[in-house]
Each structure stands twice: as C-alpha cells, then as structure tokens.
Amino acid sequence: GAVVSQHPSRVICKSGTSVKIECRSLDFQATTMFWYRQFPKQSLMLMATSNEGSKATYEQGVEKDKFLINHASLTLSTLTVTSAHPEDSSFYICSAREQYQGEAFFGQGTRLTVV
Amino acid sequence: AQSVTQLDSHVSVSEGTPVLLRCNYSSSYSPSLFWYVQHPNKGLQLLLKYTSAATLVKGINGFEAEFKKSETSFHLTKPSAHMSDAAEYFCVVNPARILTGGGNKLTFGTGTQLKVEL
C-alpha cells in the first residue's frame with residue numbers, strides 16, 4: 001500500500017511554544033489530507049480536512065488559530081500547534097487519500113507532550 | 001448520515017483460537033468499509049477493505065471480513081489468533097464508492113481492543 005510518513009514521532013515542548021508536525025505522502029499525490037487527535041484508549045477524532053492549495057476545513061470545536069494547517073503541495077501537509085499548553089498533549093495522526101481511491105493511508109502518529 | 005458500531009470494546013482470546021470482532025454500520029449511501037489495526041503508539045494500518053466487489057474480503061495477516069447488507073454488518077474474523085494480533089482494531093465506513101473521489105470523511109468505530117493470551 002501507499003506510504004504516509006509523519007514526523008516527528010515524538011516531541012516534548014515547553015508551554016507557550018509552537019510545534020510543527022509534518023505529514024508526507026511518499027509515493028502518491030494526496031489531494032486531501034486529514035488530521036486526527038487521539039486520546040488514550042479512544043478512537044480518532046477528526047480535527048480538520050486539508051485540501052491542497054486551499055484553506056483547511058475544521059471540525060466544530062477545533063480552534064483554527066491554535067491548530068494551523070497548511071497543505072502547500074500534493075505531498076505535504078503540516079499541522080502547527082501554536083502556543084501549546086499541557087492540555088494539547090495528545091497523539092496526533094495524519095492520513096492521506098489518493099484521488100479516486102477510497103482507503104486512507106495513515107502516518108505513524110506523533111506523540112506530543114507539553115510540559 | 002452514517003455511523004459505525006463496534007459491539008465489543010474488549011475481546012480476549014487464546015492463541016490459536018478464532019477471532020471475531022463485530023462491526024455494524026448504517027449509511028445513507030452504498031458504503032465502502034474498512035478494518036484498520038493500530039498497535040500502541042503507532043498509526044493505523046489497513047487490514048482489508050470492502051468496495052462492492054466480493055462480499056467476502058480477504059486481508060493481510062490471515063484476516064477476512066464478510067459484508068452482509070441484510071444485517072448491515074462487516075465482522076472481522078481470523079481462524080487462528082497469534083500473539084502479534086494483540087492490538088486495537090477499528091471498523092471504518094466511507095459513504096462513497098471507491099471511484100467517486102476521496103473527499104469524504106471517514107467515520108470510525110470506537111475500537112475493539114484484542115487481547116491474545118497464551
């Protein structure tokens with residue numbers, strides 16, 4: 001299957017700083033990428049849908065100014081957690097879908113810890 | 001509207017015995033259905049997918065699932081569990097057929113934690 005690479009896999013940052021997470025589709029062009037947040041022992045919660053070259057569509061309750069998403073190319077989307085606080089600590093996962101394909105391919109996830 | 005219900009939050013089996021993870025769905029459209037597996041602190045890996053071809057779908061690692069429209073079910077099975085199968089499993093539904101584009105949101109079940117004992 002197609003490969004989605006997410007980086008970093010683990011990051012620890014101080015409160016008030018910003019963290020950028022990258023999501024790359026390595027062997028296909030992803031017109032749509034999704035960003036999820038996963039709390040311990042829970043399912044994935046969709047945060048936003050990112051379309052190449054346009055603004056991301058955020059789910060209700062997700063602060064767009066806090067979680068900045070950029071999808072500048074067909075193979076790269078980034079999620080920046082701005083002014084991070086301990087409550088932002090979580091597991092973040094991206095996924096990408098190739099145009100005209102149904103399944104989504106997932107990155108390895110990023111464990112963010114804000115101290 | 002669409003939804004997915006995974007009937008068991010936890011399933012425990014002995015190594016070498018069959019696995020059954022249950023999933024029921026509802027969808028206003030003819031759905032595509034998927035099973036993903038997640039190991040701790042990892043992303044999700046696609047096990048198998050149903051896209052309106054054969055109703056019995058074979059996936060990786062010996063898993064298979066049967067799409068039953070009359071029962072709106074897509075249960076995941078494996079004849080013989082292995083220790084390495086211990087993980088979280090998600091049933092996922094997409095309302096669109098595979099050829100109609102990739103912009104639709106996926107709906108995830110709440111997950112089933114599979115435990116495999118010696």
# chains A, B, ... in the order shown; residues from 1 in each chain; ligands from 1
>>> residues_around(residues="Leu114 in chain B", least_positions_apart="4", cutoff="8 Å", atoms="only C-alpha atoms", output="VMD selection string")
chain B and resid 10 to 13 85 to 89
>>> write_last_selection(atoms="N, CA, C and O atoms", output="tab-separated table (two decimals), in the first residue's frame")
chain	number	residue	atom	x	y	z
B	10	HIS	N	-13.67	-4.72	24.21
B	10	HIS	CA	-12.55	-5.61	24.50
B	10	HIS	C	-12.93	-7.04	24.11
B	10	HIS	O	-14.05	-7.48	24.37
B	11	VAL	N	-11.97	-7.72	23.48
B	11	VAL	CA	-12.13	-9.14	23.17
B	11	VAL	C	-10.86	-9.85	23.59
B	11	VAL	O	-9.75	-9.38	23.30
B	12	SER	N	-11.02	-10.96	24.27
B	12	SER	CA	-9.87	-11.73	24.72
B	12	SER	C	-10.00	-13.15	24.18
B	12	SER	O	-11.04	-13.79	24.34
B	13	VAL	N	-8.93	-13.63	23.55
B	13	VAL	CA	-8.93	-14.99	23.00
B	13	VAL	C	-7.62	-15.67	23.37
B	13	VAL	O	-6.64	-14.99	23.71
B	85	ASP	N	-1.24	-10.46	17.03
B	85	ASP	CA	-2.51	-9.84	16.65
B	85	ASP	C	-3.05	-8.91	17.74
B	85	ASP	O	-4.01	-8.16	17.50
B	86	ALA	N	-2.47	-8.98	18.92
B	86	ALA	CA	-2.95	-8.14	20.01
B	86	ALA	C	-2.76	-6.67	19.64
B	86	ALA	O	-1.64	-6.22	19.38
B	87	ALA	N	-3.86	-5.92	19.59
B	87	ALA	CA	-3.82	-4.54	19.12
B	87	ALA	C	-5.23	-3.96	19.22
B	87	ALA	O	-6.16	-4.64	19.67
B	88	GLU	N	-5.37	-2.72	18.78
B	88	GLU	CA	-6.68	-2.08	18.70
B	88	GLU	C	-7.14	-2.16	17.25
B	88	GLU	O	-6.36	-1.93	16.32
B	89	TYR	N	-8.41	-2.48	17.06
B	89	TYR	CA	-8.96	-2.63	15.72
B	89	TYR	C	-10.12	-1.65	15.53
B	89	TYR	O	-10.99	-1.52	16.39
>>> select_by_dssp(residues="range 8-117 of chain B", states="strand (DSSP E)", output="PyMOL selection string")
chain B and resi 10-14+19-21+23-27+32-38+44-50+56-58+64-68+73-78+87-94+107-108+112-117
>>> interface_residues(of="chain B", to="chain A", cutoff="12 Å", atoms="only C-alpha atoms", output="PyMOL selection string")
chain B and resi 4-6+9-10+31-52+60+87-113
>>> write_last_selection(atoms="C-alpha atoms", output="compact mmCIF listing (two decimals), in the first residue's frame")
# COMPACT_ATOMS: atom_id res chain seq x y z
CA VAL B 4 -20.35 2.59 12.89
CA THR B 5 -20.86 0.47 15.97
CA GLN B 6 -18.22 -1.87 17.26
CA SER B 9 -14.74 -2.70 23.38
CA HIS B 10 -12.55 -5.61 24.50
CA PRO B 31 -20.66 2.33 1.72
CA SER B 32 -17.07 1.35 1.44
CA LEU B 33 -15.97 -0.38 4.62
CA PHE B 34 -12.53 -0.87 6.10
CA TRP B 35 -10.82 -2.52 9.00
CA TYR B 36 -7.68 -0.93 10.38
CA VAL B 37 -5.34 -2.16 13.09
CA GLN B 38 -3.38 0.06 15.46
CA HIS B 39 -0.52 -1.11 17.64
CA PRO B 40 0.42 1.03 20.67
CA ASN B 41 1.77 4.46 19.76
CA LYS B 42 1.55 3.68 16.06
CA GLY B 43 -0.55 4.85 13.16
CA LEU B 44 -3.29 2.79 11.59
CA GLN B 45 -2.61 0.01 9.12
CA LEU B 46 -5.21 -1.11 6.62
CA LEU B 47 -6.20 -4.75 7.11
CA LEU B 48 -8.82 -5.03 4.41
CA LYS B 49 -11.48 -3.12 2.53
CA TYR B 50 -14.89 -3.76 1.02
CA THR B 51 -15.64 -1.82 -2.14
CA SER B 52 -18.73 -3.55 -3.56
CA ILE B 60 -3.45 -9.22 5.39
CA ALA B 87 -3.82 -4.54 19.12
CA GLU B 88 -6.68 -2.08 18.70
CA TYR B 89 -8.96 -2.63 15.72
CA PHE B 90 -11.13 0.00 14.08
CA CYS B 91 -14.04 -0.52 11.75
CA VAL B 92 -14.41 2.44 9.40
CA VAL B 93 -17.11 3.46 6.92
CA ASN B 94 -16.94 5.77 3.95
CA PRO B 95 -20.22 6.60 2.25
CA ALA B 96 -18.76 6.99 -1.23
CA ARG B 97 -17.91 4.29 -3.66
CA ILE B 98 -14.22 3.96 -4.34
CA LEU B 99 -14.38 5.66 -7.70
CA THR B 100 -16.23 8.77 -6.65
CA GLY B 101 -13.37 10.66 -5.16
CA GLY B 102 -11.52 10.97 -1.90
CA GLY B 103 -13.01 13.99 -0.22
CA ASN B 104 -15.48 12.29 2.07
CA LYS B 105 -14.86 11.95 5.75
CA LEU B 106 -14.35 8.57 7.26
CA THR B 107 -16.45 7.53 10.22
CA PHE B 108 -14.61 5.48 12.82
CA GLY B 109 -15.95 2.96 15.25
CA THR B 110 -14.91 3.28 18.86
CA GLY B 111 -12.40 0.48 18.51
CA THR B 112 -12.01 -3.05 19.88
CA GLN B 113 -9.01 -3.97 21.97
>>> atom_distance(atom1="CA of Glu15 in chain B", atom2="CA of Pro79 in chain B")
10.5 Å
>>> residues_around(residues="range 78-88 of chain A", least_positions_apart="5", cutoff="7 Å", atoms="only C-alpha atoms", output="short mmCIF file (atom, residue, chain, number, x, y, z; two decimals) with N, CA and C atoms, in the first residue's frame")
data_model
loop_
_atom_site.label_atom_id
_atom_site.label_comp_id
_atom_site.auth_asym_id
_atom_site.auth_seq_id
_atom_site.Cartn_x
_atom_site.Cartn_y
_atom_site.Cartn_z
N SER A 15 5.50 24.75 27.51
CA SER A 15 4.25 25.52 27.42
C SER A 15 4.52 26.86 26.77
N GLY A 16 3.67 27.25 25.84
CA GLY A 16 3.80 28.56 25.20
C GLY A 16 4.55 28.53 23.88
N THR A 17 5.23 27.43 23.61
CA THR A 17 5.95 27.33 22.34
C THR A 17 5.07 26.68 21.28
N SER A 18 5.56 26.71 20.04
CA SER A 18 4.81 26.12 18.92
C SER A 18 5.53 24.88 18.41
N VAL A 19 4.76 23.97 17.92
CA VAL A 19 5.31 22.71 17.40
C VAL A 19 4.72 22.43 16.03
N LYS A 20 5.58 22.04 15.11
CA LYS A 20 5.10 21.72 13.75
C LYS A 20 5.24 20.23 13.50
N ILE A 21 4.19 19.64 12.97
CA ILE A 21 4.18 18.22 12.61
C ILE A 21 3.99 18.11 11.11
N GLU A 22 4.83 17.30 10.48
CA GLU A 22 4.75 17.15 9.04
C GLU A 22 4.14 15.82 8.64
N CYS A 23 3.42 15.84 7.56
CA CYS A 23 2.80 14.63 7.02
C CYS A 23 3.07 14.60 5.52
N LYS A 66 -5.34 27.96 16.71
CA LYS A 66 -4.42 27.20 17.56
C LYS A 66 -3.78 26.06 16.77
N PHE A 67 -4.55 25.45 15.92
CA PHE A 67 -4.08 24.33 15.12
C PHE A 67 -4.04 24.78 13.65
N LEU A 68 -2.86 25.26 13.27
CA LEU A 68 -2.69 25.80 11.92
C LEU A 68 -2.33 24.67 10.95
N ILE A 69 -3.07 24.59 9.89
CA ILE A 69 -2.84 23.53 8.91
C ILE A 69 -2.52 24.16 7.56
N ASN A 70 -1.45 23.64 6.97
CA ASN A 70 -1.03 24.09 5.66
C ASN A 70 -0.84 22.89 4.75
N HIS A 71 -1.40 22.97 3.57
CA HIS A 71 -1.29 21.87 2.61
C HIS A 71 -0.78 22.48 1.30
N VAL A 114 3.38 18.38 26.20
CA VAL A 114 3.65 19.77 26.52
C VAL A 114 3.89 19.86 28.02
N VAL A 115 5.05 20.38 28.39
CA VAL A 115 5.40 20.43 29.83
C VAL A 115 5.47 21.86 30.34
#
>>> decode(residues="range 19-44 of chain B", atoms="N, CA and C atoms", output="PDB file, in the first residue's frame")
ATOM      1  N   VAL B  19     -10.809 -15.630  16.023  1.00  0.00           N
ATOM      2  CA  VAL B  19     -11.082 -14.247  16.421  1.00  0.00           C
ATOM      3  C   VAL B  19     -12.338 -13.768  15.699  1.00  0.00           C
ATOM      4  N   LEU B  20     -13.205 -13.084  16.444  1.00  0.00           N
ATOM      5  CA  LEU B  20     -14.375 -12.440  15.849  1.00  0.00           C
ATOM      6  C   LEU B  20     -14.496 -11.048  16.448  1.00  0.00           C
ATOM      7  N   LEU B  21     -14.371 -10.038  15.610  1.00  0.00           N
ATOM      8  CA  LEU B  21     -14.569  -8.659  16.045  1.00  0.00           C
ATOM      9  C   LEU B  21     -15.775  -8.126  15.266  1.00  0.00           C
ATOM     10  N   ARG B  22     -16.763  -7.656  16.001  1.00  0.00           N
ATOM     11  CA  ARG B  22     -18.038  -7.322  15.371  1.00  0.00           C
ATOM     12  C   ARG B  22     -18.161  -5.852  15.032  1.00  0.00           C
ATOM     13  N   CYS B  23     -18.790  -5.603  13.891  1.00  0.00           N
ATOM     14  CA  CYS B  23     -18.984  -4.232  13.426  1.00  0.00           C
ATOM     15  C   CYS B  23     -20.317  -4.151  12.697  1.00  0.00           C
ATOM     16  N   ASN B  24     -21.136  -3.193  13.091  1.00  0.00           N
ATOM     17  CA  ASN B  24     -22.369  -2.893  12.363  1.00  0.00           C
ATOM     18  C   ASN B  24     -22.315  -1.443  11.902  1.00  0.00           C
ATOM     19  N   TYR B  25     -22.909  -1.183  10.770  1.00  0.00           N
ATOM     20  CA  TYR B  25     -22.841   0.160  10.213  1.00  0.00           C
ATOM     21  C   TYR B  25     -24.222   0.622   9.792  1.00  0.00           C
ATOM     22  N   SER B  26     -24.332   1.911   9.634  1.00  0.00           N
ATOM     23  CA  SER B  26     -25.501   2.467   8.952  1.00  0.00           C
ATOM     24  C   SER B  26     -24.996   3.556   8.025  1.00  0.00           C
ATOM     25  N   SER B  27     -25.574   3.608   6.849  1.00  0.00           N
ATOM     26  CA  SER B  27     -25.130   4.592   5.866  1.00  0.00           C
ATOM     27  C   SER B  27     -26.262   4.902   4.911  1.00  0.00           C
ATOM     28  N   SER B  28     -26.364   6.171   4.555  1.00  0.00           N
ATOM     29  CA  SER B  28     -27.387   6.591   3.598  1.00  0.00           C
ATOM     30  C   SER B  28     -26.995   6.216   2.175  1.00  0.00           C
ATOM     31  N   TYR B  29     -25.747   5.927   1.982  1.00  0.00           N
ATOM     32  CA  TYR B  29     -25.247   5.605   0.653  1.00  0.00           C
ATOM     33  C   TYR B  29     -24.635   4.211   0.685  1.00  0.00           C
ATOM     34  N   SER B  30     -24.380   3.674  -0.475  1.00  0.00           N
ATOM     35  CA  SER B  30     -23.674   2.398  -0.539  1.00  0.00           C
ATOM     36  C   SER B  30     -22.270   2.620  -0.024  1.00  0.00           C
ATOM     37  N   PRO B  31     -21.928   1.990   1.061  1.00  0.00           N
ATOM     38  CA  PRO B  31     -20.661   2.332   1.717  1.00  0.00           C
ATOM     39  C   PRO B  31     -19.463   1.550   1.209  1.00  0.00           C
ATOM     40  N   SER B  32     -18.306   2.120   1.430  1.00  0.00           N
ATOM     41  CA  SER B  32     -17.069   1.355   1.437  1.00  0.00           C
ATOM     42  C   SER B  32     -16.748   1.126   2.910  1.00  0.00           C
ATOM     43  N   LEU B  33     -16.240  -0.033   3.223  1.00  0.00           N
ATOM     44  CA  LEU B  33     -15.965  -0.375   4.616  1.00  0.00           C
ATOM     45  C   LEU B  33     -14.536  -0.861   4.752  1.00  0.00           C
ATOM     46  N   PHE B  34     -13.935  -0.536   5.876  1.00  0.00           N
ATOM     47  CA  PHE B  34     -12.534  -0.868   6.102  1.00  0.00           C
ATOM     48  C   PHE B  34     -12.348  -1.376   7.523  1.00  0.00           C
ATOM     49  N   TRP B  35     -11.331  -2.184   7.682  1.00  0.00           N
ATOM     50  CA  TRP B  35     -10.821  -2.518   9.002  1.00  0.00           C
ATOM     51  C   TRP B  35      -9.355  -2.083   9.057  1.00  0.00           C
ATOM     52  N   TYR B  36      -9.051  -1.357  10.133  1.00  0.00           N
ATOM     53  CA  TYR B  36      -7.683  -0.927  10.381  1.00  0.00           C
ATOM     54  C   TYR B  36      -7.227  -1.505  11.717  1.00  0.00           C
ATOM     55  N   VAL B  37      -5.923  -1.714  11.828  1.00  0.00           N
ATOM     56  CA  VAL B  37      -5.338  -2.160  13.089  1.00  0.00           C
ATOM     57  C   VAL B  37      -4.335  -1.104  13.562  1.00  0.00           C
ATOM     58  N   GLN B  38      -4.315  -0.897  14.870  1.00  0.00           N
ATOM     59  CA  GLN B  38      -3.382   0.062  15.463  1.00  0.00           C
ATOM     60  C   GLN B  38      -2.649  -0.593  16.630  1.00  0.00           C
ATOM     61  N   HIS B  39      -1.335  -0.660  16.519  1.00  0.00           N
ATOM     62  CA  HIS B  39      -0.525  -1.105  17.642  1.00  0.00           C
ATOM     63  C   HIS B  39      -0.165   0.104  18.494  1.00  0.00           C
ATOM     64  N   PRO B  40       0.193  -0.105  19.758  1.00  0.00           N
ATOM     65  CA  PRO B  40       0.421   1.027  20.671  1.00  0.00           C
ATOM     66  C   PRO B  40       1.380   2.067  20.109  1.00  0.00           C
ATOM     67  N   ASN B  41       0.964   3.312  20.211  1.00  0.00           N
ATOM     68  CA  ASN B  41       1.765   4.456  19.762  1.00  0.00           C
ATOM     69  C   ASN B  41       2.162   4.376  18.286  1.00  0.00           C
ATOM     70  N   LYS B  42       1.311   3.779  17.496  1.00  0.00           N
ATOM     71  CA  LYS B  42       1.548   3.681  16.064  1.00  0.00           C
ATOM     72  C   LYS B  42       0.354   4.233  15.301  1.00  0.00           C
ATOM     73  N   GLY B  43       0.565   4.456  14.007  1.00  0.00           N
ATOM     74  CA  GLY B  43      -0.552   4.853  13.159  1.00  0.00           C
ATOM     75  C   GLY B  43      -1.424   3.657  12.844  1.00  0.00           C
ATOM     76  N   LEU B  44      -2.364   3.860  11.952  1.00  0.00           N
ATOM     77  CA  LEU B  44      -3.293   2.792  11.588  1.00  0.00           C
ATOM     78  C   LEU B  44      -2.843   2.105  10.306  1.00  0.00           C
TER      79      LEU B  44
END
